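I have placed the structure first, in the form of C-alpha cells, so that the comments after it can refer back to it.
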Amino acid sequence: MSGLKVAITGAGIGGLTAAIALQQRGADVTVYEKAHELRELGAGVAVGGNGARIYESLGLRDAIAAIAGTISTINVKTWRGEPLPGYRPPFPVDQTYPLHRAEFQRLLASALPPGTVRLGRECVNAVEDEDGVRIDFSDGSQAHADVLVGADGIHSTLQSVVGPKTAPVSEGIMAYRGLIPAERLQGVYDPTDWSMWVGPRQSFLIYSVSAGAMLNVVAFVPTDLEVEESWSAPGDVAALAAAYDGWDHPIGEIIGTMDHTFRWGIYDRAPRKTWSTDHITLLGDSAHAVTPHLGQGANQAIEDAITLAVLLEHARPADVPDRLRRYEDLRIDRNRQVREGAREAGALYRTTEFTPPRQAERIVAVYDRLELNTYDAQKVAENSLVTL
Ligand SMILES: Cc1cc2nc3c(=O)[nH]c(=O)nc-3n(C[C@H](O)[C@H](O)[C@H](O)COP(=O)(O)OP(=O)(O)OC[C@H]3O[C@@H](n4cnc5c(N)ncnc54)[C@H](O)[C@@H]3O)c2cc1C
C-alpha cells in the first residue's frame, strides 16, 4: 500500500482489526473512538474458525488463545437434560476462542502503534471532496483521509452518510446476560464445558472466558416488550430464575450464583443495498448487524476487516472508489447469508416443531452451509484481485 491515509471511526472489534490489518499492509491509519476510555463493557464474544484464521495471519492467534476461555467439550441438551440425539459439535473446540469482549478489545488496541487510537473523538459527519473525505467531530475538530471506514457499530453515524439508515428488526426475544466467577460454580458445573440447553421458545448457554476465570451466561427468552438494543440495560436475576424454573438442575444453581444480569434485546437489520460512496465505507455492525445465534457478530466484522485491508493494499488514492465497490461486492452476499443463517439457527434452537434428531440435523446443516469453520475471507479477497 502506498501510504494510503485511512481513518476509521469506532475502536470496537471490527475497527481495531481493520486498523491492524491495514497498518500491517503499509497504510497510515488513525482510529477515532467516541468513548473517552476503552471501558469494561460487554461480556462474552467468540472468535470462531473463520475469525481465528485471520488472527493467525495477523500474528495474534497465540495472544488471543492466552486470554480465551477453555472448551474441552460441547454439550447440547434438551431442557430436561437429555442429549440432543444426532447433534454433533458444529465447530472444533481447538479453533474457537470464547473471549471477554473488553479484554479482547484491549488486546487488539495494544497491537497498534501508540497514538493510532484517538479516544474522545465522536464523528458527527463526513463530507467527500476531490481529495478524499473530511471528517467532522463533535468537539468541532476535523480530519482528512483518502478513505473513511465507519466501524461505528449498530447505531452508526456514518450509515446515514452512505445511504438511508436501516431500522432494527426484532426477533421477539431478549437475552439475559451475565458473568460469573468460575470458582463460584465449583462442584456444580465443569467450567471447561461449552453447554447449551434448548427448549420450547427458550435456550440457555454458558461457556468460559478470561482464561477460564469467568463464565459467560446468555439466556434467551421470548418477549412481547420493546427491549432496548443495549449492552448494559440492567436485568432482574429473579425474573431470569423464574423463566428457567423446571429446567435441567444445573441451570437453577448457575443462576443462583449470579449477582446481576443485563437485558439485551435481540435485533438485526435488513441487508443494505450499498455500503459505500467513493471514499467512505462501512464495516461490521454498522454495515450488517446479525443476531448472535451463530456467534458471528464479531466474526463477520473480522472477515470485513481483512477483505478491506487486502483490497486496499497497493491501491493509489485514485483506485479507492473501485476498491470500495469490490469490497461491497465481496461482502454483501456473504453477510446476507450469515444473517439468514443466524435467524434460522436461533429459531431451530427454540423450536417446538421438530423432533430432537431433526432439530440437531438442521442446526449442524446451517454451520456447514455457511462454512463457518473454513471460510477464508483473506483468500477470497486475494483471488478477487487476480482479475485486476
Ligand atoms: C459496549 C459494547 C458491548 C458489547 N458487548 C457484547 C457482548 O457482550 N457480546 C457480543 O456478542 N457482542 C457484544 N458487542 C457487540 C460486538 O462487539 C459486535 O457485534 C461485533 O464485535 C462487531 O463489532 P463492531 O466493531 O462492528 O462494532 P462495536 O463492537 O459495536 O464497536 C463500535 C465502536 O464504535 C464506537 N462509536 C460509535 N459511534 C461512534 C462515532 N460516532 N464516532 C466514533 N466512534 C463511535 C463505539 O463506541 C464502539 O467502540 C458489544 C458492543 C459494544 C459497543
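Ordering of the C-alpha cells sets the chain letters (A, B, ...); residue numbers start at 1 within each chain; ligands are numbered from 1 in the order shown.
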
Residues within 8 Å of ligand 1 (only C-alpha atoms and all ligand atoms), as a short mmCIF file (atom, residue, chain, number, x, y, z; two decimals) with N, CA and C atoms, in the first residue's frame?
```
data_model
loop_
_atom_site.label_atom_id
_atom_site.label_comp_id
_atom_site.auth_asym_id
_atom_site.auth_seq_id
_atom_site.Cartn_x
_atom_site.Cartn_y
_atom_site.Cartn_z
N THR A 9 -13.69 5.16 12.09
CA THR A 9 -14.43 5.61 13.27
C THR A 9 -14.93 4.37 14.02
N GLY A 10 -14.57 4.27 15.29
CA GLY A 10 -15.00 3.14 16.12
C GLY A 10 -13.85 2.20 16.43
N ALA A 11 -13.50 2.13 17.72
CA ALA A 11 -12.46 1.19 18.17
C ALA A 11 -13.09 -0.04 18.79
N GLY A 12 -14.09 -0.60 18.11
CA GLY A 12 -14.65 -1.90 18.51
C GLY A 12 -13.80 -3.00 17.87
N ILE A 13 -14.33 -4.21 17.90
CA ILE A 13 -13.56 -5.35 17.38
C ILE A 13 -13.28 -5.17 15.88
N GLY A 14 -14.30 -4.71 15.13
CA GLY A 14 -14.14 -4.55 13.68
C GLY A 14 -13.15 -3.44 13.35
N GLY A 15 -13.31 -2.28 13.96
CA GLY A 15 -12.44 -1.14 13.65
C GLY A 15 -10.99 -1.43 14.00
N LEU A 16 -10.77 -2.05 15.15
CA LEU A 16 -9.38 -2.32 15.57
C LEU A 16 -8.74 -3.39 14.69
N TYR A 32 -10.62 6.73 15.31
CA TYR A 32 -11.27 7.73 16.16
C TYR A 32 -12.42 7.06 16.93
N GLU A 33 -12.34 7.08 18.24
CA GLU A 33 -13.33 6.39 19.09
C GLU A 33 -14.04 7.42 19.96
N LYS A 34 -15.37 7.36 19.99
CA LYS A 34 -16.10 8.38 20.75
C LYS A 34 -15.94 8.24 22.26
N ALA A 35 -15.77 7.01 22.76
CA ALA A 35 -15.62 6.82 24.21
C ALA A 35 -14.31 7.47 24.68
N LEU A 38 -11.42 2.92 26.88
CA LEU A 38 -11.93 1.61 26.47
C LEU A 38 -12.32 0.89 27.76
N LEU A 41 -16.78 -3.02 29.18
CA LEU A 41 -18.17 -3.15 28.75
C LEU A 41 -18.34 -4.41 27.90
N GLY A 42 -19.47 -5.09 28.09
CA GLY A 42 -19.72 -6.29 27.31
C GLY A 42 -19.38 -7.52 28.10
N ALA A 43 -19.71 -8.67 27.51
CA ALA A 43 -19.45 -9.93 28.20
C ALA A 43 -18.76 -10.85 27.20
N GLY A 44 -19.37 -12.02 26.93
CA GLY A 44 -18.69 -12.98 26.07
C GLY A 44 -18.88 -12.70 24.59
N VAL A 45 -17.84 -12.90 23.83
CA VAL A 45 -17.91 -12.81 22.38
C VAL A 45 -16.94 -13.88 21.86
N ALA A 46 -17.34 -14.60 20.81
CA ALA A 46 -16.50 -15.73 20.39
C ALA A 46 -15.84 -15.47 19.05
N HIS A 100 -13.69 -12.51 26.67
CA HIS A 100 -14.35 -11.38 27.32
C HIS A 100 -14.13 -10.19 26.39
N ARG A 101 -15.23 -9.57 25.95
CA ARG A 101 -15.09 -8.56 24.91
C ARG A 101 -14.12 -7.44 25.28
N ALA A 102 -14.17 -6.97 26.51
CA ALA A 102 -13.31 -5.85 26.90
C ALA A 102 -11.83 -6.25 26.87
N GLY A 120 -12.20 9.76 22.73
CA GLY A 120 -12.96 11.00 22.93
C GLY A 120 -13.18 11.76 21.64
N ARG A 121 -13.17 11.06 20.49
CA ARG A 121 -13.37 11.73 19.20
C ARG A 121 -14.62 11.13 18.55
N GLU A 122 -15.75 11.81 18.73
CA GLU A 122 -17.01 11.32 18.16
C GLU A 122 -17.23 11.92 16.78
N CYS A 123 -17.31 11.08 15.79
CA CYS A 123 -17.57 11.55 14.42
C CYS A 123 -19.04 11.94 14.32
N VAL A 124 -19.32 13.14 13.81
CA VAL A 124 -20.71 13.56 13.64
C VAL A 124 -21.11 13.70 12.18
N PHE A 137 -15.85 16.18 13.84
CA PHE A 137 -16.03 15.61 15.18
C PHE A 137 -16.88 16.53 16.05
N ALA A 151 -16.72 2.06 11.27
CA ALA A 151 -16.84 0.82 12.07
C ALA A 151 -17.48 1.23 13.39
N ASP A 152 -18.54 2.02 13.28
CA ASP A 152 -19.10 2.68 14.47
C ASP A 152 -20.36 1.99 15.01
N GLY A 153 -20.48 0.68 14.74
CA GLY A 153 -21.45 -0.14 15.47
C GLY A 153 -22.90 -0.01 15.01
N ILE A 154 -23.79 -0.64 15.76
CA ILE A 154 -25.19 -0.76 15.34
C ILE A 154 -25.91 0.59 15.24
N HIS A 155 -25.47 1.56 16.03
CA HIS A 155 -26.12 2.87 15.95
C HIS A 155 -25.25 3.84 15.15
N SER A 156 -24.67 3.34 14.10
CA SER A 156 -23.70 4.08 13.27
C SER A 156 -24.16 5.47 12.83
N THR A 157 -23.24 6.42 12.95
CA THR A 157 -23.48 7.77 12.41
C THR A 157 -23.22 7.77 10.90
N LEU A 158 -22.20 7.06 10.48
CA LEU A 158 -21.82 7.13 9.07
C LEU A 158 -22.79 6.38 8.15
N ARG A 177 -27.94 -11.62 30.17
CA ARG A 177 -26.52 -11.95 30.08
C ARG A 177 -25.85 -11.70 31.42
N TRP A 231 -26.23 -2.98 25.48
CA TRP A 231 -25.33 -3.97 26.07
C TRP A 231 -25.32 -3.85 27.58
N SER A 232 -26.01 -2.86 28.13
CA SER A 232 -25.83 -2.61 29.56
C SER A 232 -27.13 -2.34 30.33
N LEU A 283 -18.27 -1.00 7.95
CA LEU A 283 -17.64 -2.29 8.31
C LEU A 283 -18.25 -2.78 9.62
N GLY A 284 -18.49 -4.08 9.71
CA GLY A 284 -19.02 -4.64 10.96
C GLY A 284 -20.49 -4.30 11.15
N ASP A 285 -20.87 -4.15 12.41
CA ASP A 285 -22.29 -3.95 12.73
C ASP A 285 -22.89 -2.74 12.03
N SER A 286 -22.12 -1.73 11.72
CA SER A 286 -22.70 -0.56 11.05
C SER A 286 -23.20 -0.96 9.66
N ALA A 287 -22.58 -1.96 9.06
CA ALA A 287 -22.98 -2.40 7.72
C ALA A 287 -24.03 -3.49 7.77
N ALA A 289 -25.79 -5.67 10.98
CA ALA A 289 -25.98 -6.33 12.28
C ALA A 289 -26.66 -7.69 12.08
N VAL A 290 -26.15 -8.71 12.77
CA VAL A 290 -26.75 -10.05 12.73
C VAL A 290 -27.17 -10.44 14.15
N PRO A 292 -27.20 -13.07 17.38
CA PRO A 292 -25.99 -13.72 17.91
C PRO A 292 -25.98 -15.25 17.86
N GLY A 295 -22.87 -16.87 16.77
CA GLY A 295 -21.65 -16.23 17.26
C GLY A 295 -20.91 -15.48 16.15
N GLN A 296 -21.65 -14.87 15.23
CA GLN A 296 -20.99 -14.28 14.06
C GLN A 296 -20.89 -12.76 14.07
N GLY A 297 -21.40 -12.09 15.12
CA GLY A 297 -21.33 -10.62 15.16
C GLY A 297 -19.90 -10.15 14.97
N ALA A 298 -19.01 -10.63 15.79
CA ALA A 298 -17.60 -10.23 15.70
C ALA A 298 -16.94 -10.85 14.47
N ASN A 299 -17.23 -12.11 14.20
CA ASN A 299 -16.51 -12.79 13.11
C ASN A 299 -16.80 -12.18 11.73
N GLN A 300 -18.03 -11.70 11.55
CA GLN A 300 -18.32 -11.05 10.27
C GLN A 300 -17.57 -9.73 10.15
N ALA A 301 -17.44 -9.01 11.26
CA ALA A 301 -16.66 -7.76 11.24
C ALA A 301 -15.19 -8.07 10.93
N ILE A 302 -14.69 -9.19 11.46
CA ILE A 302 -13.29 -9.59 11.24
C ILE A 302 -13.08 -9.96 9.76
#
```

**Request:** Name all residues at most 9 Å from segment 317-320 of chain A (count only C-alpha atoms; drop same-chain ones fewer than 6 positions away) and give them as JSON, numbers by chain.
**Result:** {"A": [2, 4, 5, 131, 132, 146, 147, 278, 279]}

**Message:** Taking 2 positions as the minimum chain separation for residues in the same chain, which residues sit within 7 Å of segment 82-97 of chain A when counting only C-alpha atoms? Answer as a PyMOL selection string.
**Reply:** chain A and resi 46-49+52+65+68-69+71-72+74+76-78+80+99+356-357+360-361+364+367+373

**Request:** List every residue of segment 194-318 of chain A that DSSP, applied to the backbone of this structure, places in alpha helix (DSSP H), and write the result as a PyMOL selection string.
**Result:** chain A and resi 237-243+249-256+285-288+297-312

Taking C-alpha atoms for each residue, export the selection above as an mmCIF file, in the first residue's frame.
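Done, and the output landed in part27.cif:
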```
data_model
loop_
_atom_site.group_PDB
_atom_site.id
_atom_site.type_symbol
_atom_site.label_atom_id
_atom_site.label_comp_id
_atom_site.auth_asym_id
_atom_site.auth_seq_id
_atom_site.Cartn_x
_atom_site.Cartn_y
_atom_site.Cartn_z
ATOM 1 C CA VAL A 237 -31.924 -12.165 38.348
ATOM 2 C CA ALA A 238 -35.216 -13.267 39.966
ATOM 3 C CA ALA A 239 -37.069 -12.919 36.648
ATOM 4 C CA LEU A 240 -34.311 -14.912 34.939
ATOM 5 C CA ALA A 241 -34.594 -17.665 37.571
ATOM 6 C CA ALA A 242 -38.382 -17.768 37.150
ATOM 7 C CA ALA A 243 -38.075 -18.100 33.369
ATOM 8 C CA HIS A 249 -30.937 -28.820 37.523
ATOM 9 C CA PRO A 250 -27.572 -27.037 36.995
ATOM 10 C CA ILE A 251 -29.373 -24.095 35.414
ATOM 11 C CA GLY A 252 -31.107 -23.009 38.626
ATOM 12 C CA GLU A 253 -27.854 -23.409 40.558
ATOM 13 C CA ILE A 254 -25.919 -21.411 37.964
ATOM 14 C CA ILE A 255 -28.465 -18.577 38.072
ATOM 15 C CA GLY A 256 -28.353 -18.712 41.882
ATOM 16 C CA ASP A 285 -22.293 -3.951 12.727
ATOM 17 C CA SER A 286 -22.695 -0.558 11.049
ATOM 18 C CA ALA A 287 -22.977 -2.397 7.719
ATOM 19 C CA HIS A 288 -24.819 -5.559 8.741
ATOM 20 C CA GLY A 297 -21.326 -10.616 15.157
ATOM 21 C CA ALA A 298 -17.604 -10.230 15.696
ATOM 22 C CA ASN A 299 -16.514 -12.792 13.106
ATOM 23 C CA GLN A 300 -18.317 -11.051 10.267
ATOM 24 C CA ALA A 301 -16.664 -7.759 11.241
ATOM 25 C CA ILE A 302 -13.289 -9.586 11.238
ATOM 26 C CA GLU A 303 -13.975 -11.022 7.750
ATOM 27 C CA ASP A 304 -14.879 -7.489 6.554
ATOM 28 C CA ALA A 305 -11.671 -6.107 8.063
ATOM 29 C CA ILE A 306 -9.289 -8.476 6.267
ATOM 30 C CA THR A 307 -11.217 -8.118 2.995
ATOM 31 C CA LEU A 308 -10.916 -4.338 3.064
ATOM 32 C CA ALA A 309 -7.230 -4.446 4.009
ATOM 33 C CA VAL A 310 -6.371 -6.856 1.179
ATOM 34 C CA LEU A 311 -8.288 -4.777 -1.363
ATOM 35 C CA LEU A 312 -6.660 -1.505 -0.314
#
```

**Item:** Residue list (strand (DSSP E or B), DSSP) for segment 89-233 of chain A, as a ChimeraX atom specification
**Value:** /A:97-100,117-119,123-129,132-137,142-145,147-150,168-181,193-199,202-209,214-222,233

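Distances here use only C-alpha atoms; by that measure, the residue among A:Arg350, A:Arg316, A:Arg184, A:Arg269 closest to Ser203 of chain A is A:Arg350.
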
**Test item: residues at most 8 Å from Ala342 of chain A, only C-alpha atoms, excluding those fewer than 2 positions along its chain, as a list in words** = Val290, Thr291, Pro292, His293, Leu294, Gln296, Val338, Arg339, Glu340, Glu344, Ala345 and Gly346 of chain A

Given the selection you just returned, output its residues as a file containing C-alpha atoms, formatted as a tab-separated table (two decimals), in the first residue's frame.
```
chain	number	residue	atom	x	y	z
A	290	VAL	CA	-26.75	-10.05	12.73
A	291	THR	CA	-28.43	-11.92	15.57
A	292	PRO	CA	-25.99	-13.72	17.91
A	293	HIS	CA	-27.13	-17.34	17.40
A	294	LEU	CA	-24.11	-18.39	15.34
A	296	GLN	CA	-20.99	-14.28	14.06
A	338	VAL	CA	-24.94	-15.32	7.52
A	339	ARG	CA	-27.79	-13.08	8.72
A	340	GLU	CA	-30.35	-15.56	7.34
A	344	GLU	CA	-32.60	-19.86	11.19
A	345	ALA	CA	-30.28	-21.22	13.91
A	346	GLY	CA	-32.00	-19.09	16.56
```

**Message:** When you count only C-alpha atoms, which of these residues is closest to Ala213 of chain A: A:Pro98, A:Gly26, A:Gly265, A:Gly163?
**Reply:**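 Going through A:Pro98, A:Gly26, A:Gly265, A:Gly163 one by one, the smallest distance to Ala213 of chain A is for A:Pro98.
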
**Message:** Given only C-alpha atoms as the basis, pick out the residue of A:Ala347, A:Val149, A:Ala27, A:Ile363 nearest to Gly172 of chain A.
**Reply:** A:Ala347

**Request:** Pick out the closest residue to Glu353 of chain A from this set: A:Arg39, A:Arg201, A:His260, A:Arg336. Count only C-alpha atoms.
**Result:**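 Closest candidate: A:Arg201.
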
**Minimum-distance residue to Ser57 of chain A, chosen among A:Val217, A:Val386, A:Val117, A:Ala377 (using only C-alpha atoms)** = A:Ala377

**Interatomic distance, atom CA of Val127 of chain A to atom CA of Glu37 of chain A (Å, one decimal)** = 26.8 Å

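Taking only C-alpha atoms into account, Leu112 of chain A lies nearest to A:Ile20 out of the set A:Ala211, A:Ile20, A:Leu372, A:Val366.
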